[in-house]
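Coordinates from input_8.tsv are shown below (TSV, C-alpha atoms and all ligand atoms).
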chain	number	residue	atom	x	y	z
U	762	MET	CA	-70.94	277.36	-61.56
U	763	TRP	CA	-71.18	276.53	-57.89
U	764	LEU	CA	-69.10	277.85	-55.05
U	765	GLY	CA	-68.60	274.86	-52.80
U	766	GLY	CA	-70.71	273.20	-50.15
U	767	SER	CA	-72.51	274.57	-47.17
U	768	GLY	CA	-70.92	274.21	-43.77
U	769	LEU	CA	-67.65	275.70	-44.98
U	770	ALA	CA	-65.26	276.06	-42.06
U	771	SER	CA	-62.77	278.01	-44.17
U	772	ALA	CA	-61.71	278.44	-47.76
U	773	ASP	CA	-59.79	275.20	-47.99
U	774	SER	CA	-61.54	273.04	-45.43
U	775	LEU	CA	-64.93	271.38	-45.73
U	776	VAL	CA	-67.04	269.67	-43.08
U	777	ILE	CA	-70.07	267.76	-44.36
U	778	ASN	CA	-72.60	266.28	-41.93
U	779	PHE	CA	-75.47	265.71	-44.40
U	780	GLU	CA	-77.85	267.49	-42.02
U	781	PRO	CA	-81.13	269.27	-42.85
U	782	PRO	CA	-81.98	271.76	-44.09
U	783	ALA	CA	-78.82	271.90	-46.22
U	784	TYR	CA	-79.28	268.27	-47.24
U	785	ALA	CA	-82.69	266.90	-48.22
U	786	PRO	CA	-83.67	263.22	-48.32
U	787	GLY	CA	-83.02	261.54	-51.68
U	788	SER	CA	-80.12	261.54	-54.12
U	789	ILE	CA	-77.12	263.64	-53.13
U	790	ASP	CA	-76.69	264.75	-56.75
U	791	ASN	CA	-76.55	268.55	-57.01
U	792	GLN	CA	-76.90	269.02	-53.28
U	793	ASN	CA	-74.36	271.54	-51.94
U	794	GLY	CA	-71.79	270.88	-54.62
U	795	TRP	CA	-72.01	267.09	-54.93
U	796	HIS	CA	-71.87	266.11	-58.56
U	797	GLY	CA	-70.81	263.62	-61.20
U	798	GLY	CA	-67.52	263.86	-63.10
U	799	GLU	CA	-66.21	267.33	-63.86
U	800	ASN	CA	-65.75	268.50	-67.43
U	801	GLY	CA	-63.17	271.23	-66.66
U	802	THR	CA	-62.22	274.13	-66.66
U	803	HIS	CA	-61.61	275.34	-63.10
U	804	PRO	CA	-63.21	277.41	-61.64
U	805	MET	CA	-65.88	277.65	-64.37
U	806	GLN	CA	-66.59	273.98	-63.87
U	807	THR	CA	-69.42	272.07	-65.45
U	808	TYR	CA	-70.06	268.49	-64.54
U	809	GLY	CA	-72.22	265.52	-65.37
U	810	PRO	CA	-75.01	264.05	-63.26
U	811	ILE	CA	-74.52	261.21	-60.81
U	812	ASN	CA	-75.87	258.08	-62.54
U	813	THR	CA	-79.43	257.60	-61.26
U	814	ALA	CA	-78.88	253.82	-61.26
U	815	ILE	CA	-76.40	254.21	-58.38
U	816	ASP	CA	-78.02	253.24	-55.09
U	817	GLN	CA	-77.26	256.27	-52.90
U	818	SER	CA	-79.43	258.59	-50.83
U	819	ILE	CA	-79.58	261.00	-47.92
U	820	VAL	CA	-81.46	259.01	-45.23
U	821	PRO	CA	-82.50	259.35	-41.57
U	822	ASN	CA	-79.88	258.30	-39.04
U	823	PRO	CA	-81.05	254.92	-37.70
U	824	GLY	CA	-79.61	255.79	-34.29
U	825	TYR	CA	-75.84	256.07	-34.47
U	826	GLU	CA	-74.30	258.46	-31.98
U	827	ASP	CA	-72.76	261.55	-33.59
U	828	PHE	CA	-74.54	260.99	-36.91
U	829	GLY	CA	-77.18	263.66	-36.22
U	830	GLN	CA	-80.53	263.51	-38.01
U	831	GLN	CA	-79.29	262.34	-41.40
U	832	SER	CA	-76.48	260.45	-43.08
U	833	TRP	CA	-75.55	259.53	-46.64
U	834	ARG	CA	-76.13	255.93	-47.70
U	835	ILE	CA	-74.48	254.11	-50.58
U	836	SER	CA	-74.47	250.45	-51.64
U	837	ASN	CA	-73.04	248.30	-54.43
U	838	ALA	CA	-76.40	247.05	-55.67
U	839	PHE	CA	-75.33	248.84	-58.85
U	840	THR	CA	-71.71	248.89	-60.02
U	841	ASP	CA	-69.88	249.82	-63.20
U	842	THR	CA	-66.37	250.53	-64.44
U	843	ALA	CA	-66.91	254.23	-65.14
U	844	PHE	CA	-65.64	257.25	-63.22
U	845	GLY	CA	-67.64	260.21	-64.46
U	846	ASP	CA	-71.03	259.05	-63.23
U	847	TRP	CA	-70.09	258.44	-59.56
U	848	PRO	CA	-70.52	260.91	-56.68
U	849	PHE	CA	-67.78	263.53	-56.28
U	850	SER	CA	-67.82	265.68	-53.16
U	851	PRO	CA	-67.55	269.48	-53.33
U	852	SER	CA	-64.14	270.80	-54.39
U	853	LEU	CA	-61.83	272.65	-52.04
U	854	GLN	CA	-60.87	276.12	-53.15
U	855	ASN	CA	-57.16	275.21	-52.97
U	856	GLU	CA	-55.93	272.02	-54.64
U	857	ALA	CA	-53.23	269.78	-53.16
U	858	GLY	CA	-50.43	268.04	-55.02
U	859	GLU	CA	-46.77	268.19	-55.99
U	860	THR	CA	-45.46	271.51	-57.30
U	861	MET	CA	-45.59	270.21	-60.89
U	862	ALA	CA	-48.59	267.85	-60.54
U	863	TRP	CA	-51.14	268.04	-63.33
U	864	ASN	CA	-54.48	269.60	-62.46
U	865	HIS	CA	-55.38	269.34	-66.13
U	866	ASP	CA	-55.93	266.82	-68.90
U	867	GLN	CA	-53.42	265.69	-71.54
U	868	THR	CA	-54.14	268.72	-73.71
U	869	GLY	CA	-53.68	271.12	-70.81
U	870	LEU	CA	-56.91	272.84	-71.81
U	871	LEU	CA	-59.29	271.23	-69.31
U	872	VAL	CA	-58.47	272.08	-65.69
U	873	TYR	CA	-60.09	270.15	-62.84
U	874	SER	CA	-58.71	271.87	-59.73
U	875	GLY	CA	-57.09	275.17	-58.87
U	876	GLY	CA	-56.51	277.84	-56.27
U	877	THR	CA	-53.23	277.92	-54.39
U	878	ARG	CA	-51.26	274.68	-54.75
U	879	GLN	CA	-50.84	272.99	-51.34
U	880	ASN	CA	-48.60	270.02	-50.54
U	881	HIS	CA	-50.80	268.37	-47.92
U	882	PHE	CA	-54.31	266.87	-47.95
U	883	GLU	CA	-56.24	265.28	-45.12
U	884	VAL	CA	-59.61	263.58	-45.22
U	885	GLN	CA	-61.64	261.82	-42.56
U	886	TRP	CA	-65.07	260.23	-42.50
U	887	ASP	CA	-67.22	258.03	-40.32
U	888	PHE	CA	-68.91	254.95	-41.66
U	889	ALA	CA	-71.40	252.42	-40.30
U	890	SER	CA	-73.51	249.58	-41.59
U	891	THR	CA	-77.18	250.23	-42.37
U	892	VAL	CA	-77.76	246.66	-41.13
U	893	PRO	CA	-75.89	246.62	-37.80
U	894	ASN	CA	-76.95	243.14	-36.69
U	895	GLU	CA	-76.24	241.19	-39.86
U	896	GLU	CA	-73.60	240.79	-42.55
U	897	GLN	CA	-74.46	242.32	-45.92
U	898	ALA	CA	-72.79	239.69	-48.06
U	899	GLY	CA	-70.63	241.14	-50.82
U	900	LEU	CA	-70.98	244.76	-49.69
U	901	GLN	CA	-68.03	246.92	-50.86
U	902	ILE	CA	-67.59	250.65	-51.41
U	903	SER	CA	-64.38	252.55	-52.26
U	904	MET	CA	-63.42	256.16	-51.77
U	905	SER	CA	-60.55	258.19	-53.21
U	906	PRO	CA	-59.02	261.65	-53.03
U	907	ASP	CA	-59.45	262.98	-56.56
U	908	ARG	CA	-59.42	266.21	-58.58
U	909	GLY	CA	-62.88	265.66	-60.07
U	910	ASP	CA	-62.38	263.45	-63.14
U	911	GLY	CA	-61.43	260.06	-61.68
U	912	ALA	CA	-57.62	260.54	-61.49
U	913	ARG	CA	-57.54	258.84	-58.09
U	914	MET	CA	-54.46	259.58	-55.98
U	915	SER	CA	-55.24	257.17	-53.14
U	916	TYR	CA	-57.81	254.52	-52.27
U	917	ILE	CA	-59.76	253.06	-49.37
U	918	ARG	CA	-62.28	250.24	-49.71
U	919	LEU	CA	-64.77	249.11	-47.07
U	920	GLU	CA	-66.09	245.56	-47.13
U	921	ASP	CA	-68.59	243.72	-44.96
U	922	HIS	CA	-67.55	240.21	-43.92
U	923	THR	CA	-68.80	237.51	-41.55
U	924	ASN	CA	-66.41	238.70	-38.84
U	925	GLY	CA	-67.19	242.39	-39.29
U	926	ILE	CA	-66.09	245.27	-41.50
U	927	SER	CA	-62.72	245.36	-43.26
U	928	VAL	CA	-60.80	248.43	-44.44
U	929	PHE	CA	-58.35	248.10	-47.34
U	930	PHE	CA	-55.78	250.61	-48.58
U	931	ASP	CA	-54.15	250.50	-52.04
U	932	ASP	CA	-51.04	252.34	-53.19
U	933	TYR	CA	-48.77	252.10	-56.23
U	934	HIS	CA	-45.19	250.85	-55.94
U	935	ASP	CA	-42.52	251.48	-58.58
U	936	ASN	CA	-39.92	248.87	-57.66
U	937	TYR	CA	-36.39	248.78	-59.06
U	938	PRO	CA	-35.65	249.42	-61.92
U	939	TYR	CA	-37.26	252.83	-61.45
U	940	GLY	CA	-39.09	254.90	-64.02
U	941	SER	CA	-37.38	257.96	-65.49
U	942	ALA	CA	-38.17	260.58	-68.08
U	943	SER	CA	-36.01	258.68	-70.57
U	944	ASN	CA	-37.54	255.32	-69.63
U	945	PRO	CA	-41.06	255.71	-68.18
U	946	ALA	CA	-41.77	252.02	-68.86
U	947	ALA	CA	-39.38	251.05	-66.06
U	948	GLY	CA	-41.85	252.66	-63.66
U	949	CYS	CA	-44.67	250.54	-65.01
U	950	GLY	CA	-42.96	247.19	-65.39
U	951	VAL	CA	-43.84	243.66	-64.36
U	952	GLU	CA	-42.09	244.33	-61.03
U	953	ASP	CA	-44.39	247.31	-60.34
U	954	ALA	CA	-47.92	247.09	-59.00
U	955	PHE	CA	-50.75	248.43	-56.93
U	956	VAL	CA	-50.35	246.91	-53.49
U	957	GLU	CA	-53.35	246.27	-51.28
U	958	THR	CA	-53.06	246.31	-47.49
U	959	ALA	CA	-55.79	245.24	-45.07
U	960	VAL	CA	-55.49	248.09	-42.56
U	961	ALA	CA	-58.37	246.82	-40.39
U	962	THR	CA	-60.50	243.67	-40.25
U	963	GLY	CA	-63.30	242.45	-38.01
U	964	LEU	CA	-64.53	245.92	-37.05
U	965	ASP	CA	-67.66	245.78	-34.90
U	966	ARG	CA	-70.60	246.11	-37.29
U	967	SER	CA	-72.88	247.63	-34.65
U	968	GLU	CA	-70.74	250.74	-34.19
U	969	PRO	CA	-69.55	253.59	-36.39
U	970	HIS	CA	-65.85	253.70	-37.30
U	971	THR	CA	-63.55	256.38	-38.64
U	972	VAL	CA	-61.04	256.34	-41.49
U	973	LYS	CA	-58.49	259.11	-41.96
U	974	LEU	CA	-55.97	259.62	-44.77
U	975	VAL	CA	-53.10	262.07	-44.31
U	976	MET	CA	-51.32	262.73	-47.60
U	977	ASP	CA	-48.02	264.51	-48.16
U	978	PHE	CA	-47.30	265.20	-51.81
U	979	VAL	CA	-43.49	265.43	-51.89
U	980	ASP	CA	-41.92	266.66	-55.12
U	981	GLY	CA	-40.26	263.85	-57.08
U	982	PRO	CA	-41.07	260.16	-57.63
U	983	ARG	CA	-41.42	257.37	-55.01
U	984	ASN	CA	-41.64	259.69	-52.01
U	985	ASP	CA	-45.25	260.73	-51.35
U	986	VAL	CA	-46.28	259.75	-47.82
U	987	VAL	CA	-49.82	258.55	-47.05
U	988	LYS	CA	-50.78	257.65	-43.51
U	989	VAL	CA	-53.92	255.61	-42.86
U	990	TYR	CA	-55.74	255.84	-39.55
U	991	VAL	CA	-58.67	253.71	-38.41
U	992	ASP	CA	-60.56	254.76	-35.29
U	993	GLY	CA	-57.80	257.22	-34.47
U	994	ALA	CA	-54.89	254.75	-34.60
U	995	LEU	CA	-52.19	254.82	-37.27
U	996	ARG	CA	-52.54	251.48	-39.09
U	997	HIS	CA	-50.30	251.91	-42.10
U	998	THR	CA	-47.86	254.29	-43.78
U	999	GLY	CA	-47.72	253.96	-47.54
U	1000	THR	CA	-47.51	256.13	-50.62
U	1001	SER	CA	-49.86	257.63	-53.20
U	1002	TRP	CA	-50.64	256.75	-56.81
U	1003	GLU	CA	-48.18	259.42	-58.05
U	1004	ASP	CA	-45.97	256.98	-59.96
U	1005	TYR	CA	-48.88	255.30	-61.69
U	1006	PHE	CA	-49.67	258.60	-63.41
U	1007	ARG	CA	-46.01	259.56	-63.80
U	1008	TRP	CA	-44.90	256.34	-65.49
U	1009	CYS	CA	-47.88	254.18	-66.51
U	1010	GLU	CA	-49.55	257.15	-68.17
U	1011	ALA	CA	-46.07	258.41	-69.17
U	1012	THR	CA	-46.97	261.98	-68.30
U	1013	LEU	CA	-43.91	262.37	-66.02
U	1014	GLN	CA	-46.04	264.13	-63.40
U	1015	SER	CA	-48.37	263.32	-60.55
U	1016	ARG	CA	-51.96	264.60	-60.14
U	1017	THR	CA	-53.76	267.05	-57.84
U	1018	VAL	CA	-56.69	266.41	-55.49
U	1019	ASP	CA	-59.44	268.69	-54.19
U	1020	SER	CA	-62.38	266.37	-53.42
U	1021	MET	CA	-63.48	262.81	-52.72
U	1022	LEU	CA	-64.84	260.23	-55.15
U	1023	PHE	CA	-67.13	257.45	-53.84
U	1024	GLN	CA	-67.53	254.34	-55.98
U	1025	ALA	CA	-68.82	250.79	-56.18
U	1026	ARG	CA	-66.63	249.37	-58.92
U	1027	SER	CA	-67.64	246.23	-60.76
U	1028	GLY	CA	-64.23	244.66	-60.32
U	1029	ARG	CA	-64.85	244.19	-56.61
U	1030	GLY	CA	-68.29	242.69	-57.05
U	1031	THR	CA	-71.94	243.65	-57.29
U	1032	ALA	CA	-74.34	242.80	-54.46
U	1033	PRO	CA	-77.96	243.35	-55.59
U	1034	ALA	CA	-79.27	242.45	-52.13
U	1035	THR	CA	-77.64	245.57	-50.69
U	1036	PHE	CA	-80.17	247.74	-52.57
U	1037	GLY	CA	-81.59	250.29	-50.15
U	1038	HIS	CA	-78.93	249.42	-47.58
U	1039	GLY	CA	-75.12	249.43	-47.73
U	1040	PHE	CA	-72.88	251.77	-45.73
U	1041	LEU	CA	-73.74	255.05	-44.07
U	1042	ILE	CA	-71.18	257.83	-44.49
U	1043	ASP	CA	-71.16	260.79	-42.12
U	1044	ASN	CA	-68.99	263.55	-40.64
U	1045	LEU	CA	-66.90	263.82	-43.80
U	1046	SER	CA	-64.21	266.48	-43.54
U	1047	TYR	CA	-61.22	267.34	-45.70
U	1048	SER	CA	-58.70	270.11	-46.03
U	1049	SER	CA	-55.62	271.17	-47.93
U	1050	PHE	CA	-52.74	273.16	-46.54
U	1051	SER	CA	-49.00	273.38	-46.88
U	1052	ALA	CA	-46.81	271.52	-44.42
U	1053	ASN	CA	-43.10	271.52	-43.77
U	1054	GLN	CA	-41.88	268.41	-45.60
U	1055	CYS	CA	-38.17	268.73	-44.83
U	1056	ASP	CA	-37.99	265.32	-43.18
U	1057	GLU	CA	-39.39	263.65	-46.30
U	1058	HIS	CA	-36.71	264.99	-48.65
U	1059	SER	CA	-33.37	263.36	-49.39
U	1060	SER	CA	-30.57	263.52	-51.92
U	1061	ASP	CA	-27.96	260.95	-52.91
U	1062	GLY	CA	-25.15	260.89	-55.42
U	1063	ASP	CA	-22.52	258.30	-56.25
U	1064	GLY	CA	-20.51	258.31	-59.45
U	1065	ALA	CA	-18.21	260.06	-61.88
U	1066	VAL	CA	-18.54	263.78	-62.53
U	1067	GLN	CA	-17.10	265.93	-65.29
U	1068	SER	CA	-16.62	269.68	-65.11
U	1069	SER	CA	-17.42	272.12	-67.89
U	1070	GLU	CA	-13.63	272.51	-68.31
U	1071	GLY	CA	-13.32	268.77	-68.91
U	1072	LYS	CA	-11.88	267.84	-65.51
U	1073	HIS	CA	-12.86	264.44	-64.11
U	1074	GLY	CA	-13.78	263.59	-60.56
U	1075	GLN	CA	-15.69	261.27	-58.29
U	1076	THR	CA	-18.43	262.20	-55.86
U	1077	LYS	CA	-20.37	260.39	-53.17
U	1078	PHE	CA	-22.85	262.17	-50.97
U	1079	HIS	CA	-25.95	261.62	-48.87
U	1080	LYS	CA	-28.30	264.15	-47.30
U	1081	GLN	CA	-31.53	263.39	-45.46
U	1082	GLY	CA	-33.86	266.25	-44.50
U	1083	CYS	CA	-32.97	269.92	-44.19
U	1084	GLY	CA	-31.06	270.01	-40.90
U	1085	HIS	CA	-27.89	268.47	-39.51
U	1086	GLN	CA	-27.74	264.68	-39.40
U	1087	ASP	CA	-24.65	262.72	-38.37
U	1088	THR	CA	-25.31	260.14	-41.10
U	1089	ASP	CA	-24.98	262.76	-43.88
U	1090	SER	CA	-21.70	263.09	-45.74
U	1091	VAL	CA	-20.07	264.55	-48.86
U	1092	GLN	CA	-16.91	263.25	-50.53
U	1093	HIS	CA	-15.38	264.67	-53.69
U	1094	SER	CA	-12.07	263.92	-55.40
U	1095	ASP	CA	-10.68	265.62	-58.49
U	1096	GLY	CA	-7.38	264.07	-59.53
U	1097	ASP	CA	-7.05	266.38	-62.54
U	1098	SER	CA	-6.92	269.44	-60.25
U	1099	GLY	CA	-5.43	267.73	-57.22
U	1100	HIS	CA	-8.30	268.26	-54.79
U	1101	ASN	CA	-9.66	265.79	-52.27
U	1102	PHE	CA	-12.63	266.97	-50.18
U	1103	GLN	CA	-14.26	265.24	-47.26
U	1104	SER	CA	-17.07	266.75	-45.19
U	1105	THR	CA	-16.73	266.90	-41.41
U	1106	SER	CA	-20.20	268.36	-40.76
U	1107	VAL	CA	-23.18	268.51	-43.16
U	1108	ASP	CA	-25.25	271.29	-41.66
U	1109	ALA	CA	-28.19	272.21	-43.89
U	1110	ALA	CA	-30.00	271.58	-47.14
U	1111	GLN	CA	-32.64	273.36	-49.17
U	1112	PHE	CA	-34.86	271.48	-51.62
U	1113	THR	CA	-36.64	273.35	-54.42
U	1114	THR	CA	-38.61	272.38	-57.52
U	1115	ALA	CA	-38.89	274.11	-60.88
U	1116	ALA	CA	-40.30	273.04	-64.24
U	1117	GLY	CA	-36.85	271.84	-65.31
U	1118	GLY	CA	-35.92	269.74	-62.30
U	1119	ARG	CA	-35.47	269.42	-58.54
U	1120	THR	CA	-32.53	271.16	-56.86
U	1121	VAL	CA	-30.78	270.59	-53.57
U	1122	VAL	CA	-28.25	272.99	-52.05
U	1123	ILE	CA	-26.21	271.38	-49.26
U	1124	THR	CA	-23.90	273.34	-46.99
U	1125	GLY	CA	-21.45	272.48	-44.23
U	1126	MET	CA	-17.80	272.15	-43.26
U	1127	GLY	CA	-15.00	269.80	-44.29
U	1128	THR	CA	-11.40	269.48	-45.34
U	1129	ASP	CA	-9.79	269.98	-48.75
U	1130	ASN	CA	-6.45	268.15	-48.93
U	1131	GLY	CA	-6.57	268.16	-45.14
U	1132	LEU	CA	-7.19	271.90	-44.66
U	1133	PRO	CA	-10.51	273.14	-43.19
U	1134	VAL	CA	-13.03	274.67	-45.62
U	1135	ALA	CA	-16.71	275.47	-45.90
U	1136	PHE	CA	-18.59	273.84	-48.79
U	1137	THR	CA	-21.70	274.32	-50.91
U	1138	LEU	CA	-22.90	271.42	-53.05
U	1139	THR	CA	-25.65	272.07	-55.59
U	1140	ALA	CA	-27.26	269.19	-57.48
U	1141	VAL	CA	-30.17	269.11	-59.93
U	1142	ASP	CA	-32.17	265.96	-60.71
U	1143	TYR	CA	-33.87	266.05	-64.14
U	1144	ASP	CA	-35.55	262.63	-63.74
U	1145	GLY	CA	-33.28	261.28	-66.48
U	1146	LEU	CA	-34.23	263.87	-69.10
U	1147	LEU	CA	-30.75	265.46	-68.83
U	1148	PRO	CA	-27.56	264.42	-67.00
U	1149	PRO	CA	-27.78	265.54	-63.36
U	1150	ALA	CA	-26.08	268.90	-62.70
U	1151	TYR	CA	-23.39	268.89	-60.01
U	1152	THR	CA	-21.47	271.83	-58.55
U	1153	LEU	CA	-19.15	271.90	-55.53
U	1154	VAL	CA	-17.80	275.23	-54.27
U	1155	LEU	CA	-15.21	275.37	-51.47
U	1156	SER	CA	-14.20	278.39	-49.41
U	1157	ASP	CA	-10.55	277.98	-50.46
U	1158	GLY	CA	-11.47	279.08	-53.99
U	1159	TYR	CA	-11.94	275.65	-55.58
U	1160	THR	CA	-15.00	275.20	-57.81
U	1161	PHE	CA	-16.09	272.13	-59.75
U	1162	ALA	CA	-19.14	272.78	-61.95
U	1163	GLY	CA	-20.43	270.15	-64.33
U	1164	THR	CA	-22.56	267.04	-64.58
U	1165	MET	CA	-22.66	263.48	-63.36
U	1166	VAL	CA	-21.58	261.32	-66.28
U	1167	SER	CA	-21.94	257.87	-64.74
U	1168	GLY	CA	-23.49	256.53	-61.59
U	1169	GLY	CA	-26.62	257.92	-60.00
U	1170	LEU	CA	-27.87	261.16	-58.49
U	1171	SER	CA	-31.30	261.80	-57.01
U	1172	VAL	CA	-33.03	264.77	-55.42
U	1173	LEU	CA	-36.26	263.54	-53.84
B	1201	CA	CA	-75.23	263.53	-40.18
B	1202	CA	CA	-40.06	249.68	-61.79
B	1203	CA	CA	-43.72	262.51	-54.87

Just give me the structure of the file as structure tokens.
Amino acid sequence: MWLGGSGLASADSLVINFEPPAYAPGSIDNQNGWHGGENGTHPMQTYGPINTAIDQSIVPNPGYEDFGQQSWRISNAFTDTAFGDWPFSPSLQNEAGETMAWNHDQTGLLVYSGGTRQNHFEVQWDFASTVPNEEQAGLQISMSPDRGDGARMSYIRLEDHTNGISVFFDDYHDNYPYGSASNPAAGCGVEDAFVETAVATGLDRSEPHTVKLVMDFVDGPRNDVVKVYVDGALRHTGTSWEDYFRWCEATLQSRTVDSMLFQARSGRGTAPATFGHGFLIDNLSYSSFSANQCDEHSSDGDGAVQSSEGKHGQTKFHKQGCGHQDTDSVQHSDGDSGHNFQSTSVDAAQFTTAAGGRTVVITGMGTDNGLPVAFTLTAVDYDGLLPPAYTLVLSDGYTFAGTMVSGGLSVL
């Protein structure tokens, strides 16, 4: 068992500069918590070695400003399609992911990350070419936030080209029709795919550059937010790989992250001539913490509802975020009971997640048959496993408690 890397800034933040004496020249394997794939179970983790065929090493800084005495070098002279034999960085004490994200394997017995679950992860690193004056043809290296076993939740790839260095970002898109607990395949259909975005091209090969990923794991599908920065500028806002795991692996849940995985995968090409060269990585830092994600949440409903007493109604509502927004509204009609509600001000919402589903509670003011009332709407999204729960309570004594029986309702 190891207890994380040296240079700890705090329990759930790591700063790694690859400097002596903490880091010695040679393979990074087993230095300060770097390791091959984890075997579970957190925190009594064991792990495999980094494959000795992988061309990586702690090396002297050839002269880049801010890289100190040493950096970490990795090339794609050797590639493969495995996960468990590539370098994983030290794990944070506190994992990041959705409330219900899996930090474990399919059996639930092997756990790869732990601590206090956070909803936010940030990682930043500098990179530079070991051959600043010349293209290294075919050079490519990828890096991913990961929990320690290769369940990658995001992806950056660096490539060297004639015009300079390129940075690519990949995320997973579940396009309509969407996956659900009753139909996971719809989230992994022919219309769904990993999407690659060139976030930077032609970066000056003679200078170091910086990549930063800012990840918000928002409970529910299709709503994680991943921001990609290059040299301090926001280049792209995308999403994570949450719905790949949720639907393509049909596990209905996302995954956690607590470390970084660095790889040269065969699918993107092997470049034997990069042996002993490749990219330098330095000033790697990452952290997990919990952020206010109110602005990322939303809830929508539109369809027929039925109460537990068998009354029938129609609802249509929209709520974005937790505060007041003029574009929010709630409408509810119940011909069986003779009620017709229309909001005049949607004031607040609370979003919560439990094992069973995601709940929103929306409050505000409106009119019932023309008379002013306060309202509380509660909706629960079960990702299709059960009909969505729907309850509207008005201050004039009217209550409609039941389920949505046709149409759609989401709490994201
Ligand atoms: Ca350094
Ligand atoms: Ca789909
Ligand atoms: Ca999500």

Let me see if you get this right: every residue at most 10 Å from ligand CA 1201 (chain B), counting all atoms listed in the file, written as a ChimeraX atom specification. /U:777-781,784,819-822,825-833,887,1041-1045

Which is closest to ligand CA 1202 (chain B) among U:Asp965, U:Asp1095, U:Asp935, U:Glu1010, if we use only C-alpha atoms and all ligand atoms?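 Using only C-alpha atoms and all ligand atoms, the shortest distance to ligand CA 1202 (chain B) belongs to U:Asp935.
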
Identify, counting only C-alpha atoms and all ligand atoms, the protein, DNA and RNA residues located within 6 Å of ligand CA 1202 (chain B), and give them as a PyMOL selection string. chain U and resi 935-940+947-950+952-953

So what do you get for CA of Phe849 in chain U versus CA of Ala1032 in chain U, distance-wise? 21.8 Å

For Arg918 in chain U, which of U:His997, U:Lys988, U:Arg1029, U:His803 is the closest residue, counting all atoms listed in the file?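 Residue with the minimum atom-to-atom distance to Arg918 in chain U: U:Arg1029.
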
Mind pulling up the distance from CA of Lys973 in chain U to CA of Gly999 in chain U?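 Value for the CA of Gly999 in chain U-CA of Lys973 in chain U distance: 13.2 Å.
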
Could you check which of U:Val979, U:Met914, U:Ala785, U:Ala1109 is closest to Gln1086 in chain U, using all atoms listed in the file?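 With all atoms listed in the file as the atom set, the closest residue is U:Ala1109.
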
Residue nearest ligand CA 1203 (chain B) among U:Ser1059, U:Ser967, U:Ser1049, U:Thr802 (counting only C-alpha atoms and all ligand atoms):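 So, comparing all the options, the nearest one is U:Ser1059.
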
Excluding Asp1142 in chain U and residues on its chain fewer than 5 positions from it, collect all residues at most 9 Å away from it, counting all atoms listed in the file, and give them as number ranges by chain. U: 1117-1121, 1147-1150, 1170-1173

List every residue of chain U that has an atom at most 6 Å from any atom of ligand CA 1203 (chain B), and for each one report the closest atom pair and its distance in Å to one decimal, counting only C-alpha atoms and all ligand atoms, with rows sorted by chain and then by increasing residue number, as JSON lines.
{"residue": "U:Phe978", "atom": "CA", "partner": "B:CA1203", "partner_atom": "CA", "distance": 5.4}
{"residue": "U:Val979", "atom": "CA", "partner": "B:CA1203", "partner_atom": "CA", "distance": 4.2}
{"residue": "U:Asp980", "atom": "CA", "partner": "B:CA1203", "partner_atom": "CA", "distance": 4.5}
{"residue": "U:Gly981", "atom": "CA", "partner": "B:CA1203", "partner_atom": "CA", "distance": 4.3}
{"residue": "U:Pro982", "atom": "CA", "partner": "B:CA1203", "partner_atom": "CA", "distance": 4.5}
{"residue": "U:Arg983", "atom": "CA", "partner": "B:CA1203", "partner_atom": "CA", "distance": 5.6}
{"residue": "U:Asn984", "atom": "CA", "partner": "B:CA1203", "partner_atom": "CA", "distance": 4.5}
{"residue": "U:Asp985", "atom": "CA", "partner": "B:CA1203", "partner_atom": "CA", "distance": 4.2}

Exercise: Gln1081 in chain U partners within 10 Å, only C-alpha atoms, chain neighbours under 2 positions left out, as a list in words: Cys1055, Asp1056, Glu1057, His1058, Ser1059, Ser1060, Asp1061, His1079, Cys1083, Gly1084, His1085, Gln1086, Asp1087, Thr1088, Asp1089, Ser1090, Ala1109, Ala1110 and Leu1173 of chain U

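Straight-line separation from CA of Glu896 in chain U to CA of Thr923 in chain U: 5.9 Å.
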
Just checking: using only C-alpha atoms, which residue out of U:Pro804, U:Gly1099, U:Gly798, U:Gly858 ends up closest to Phe882 in chain U? U:Gly858

Nearest candidate to Asp992 in chain U (options U:Trp886, U:Asp931, U:Pro945, U:Asp1019; using only C-alpha atoms): U:Trp886
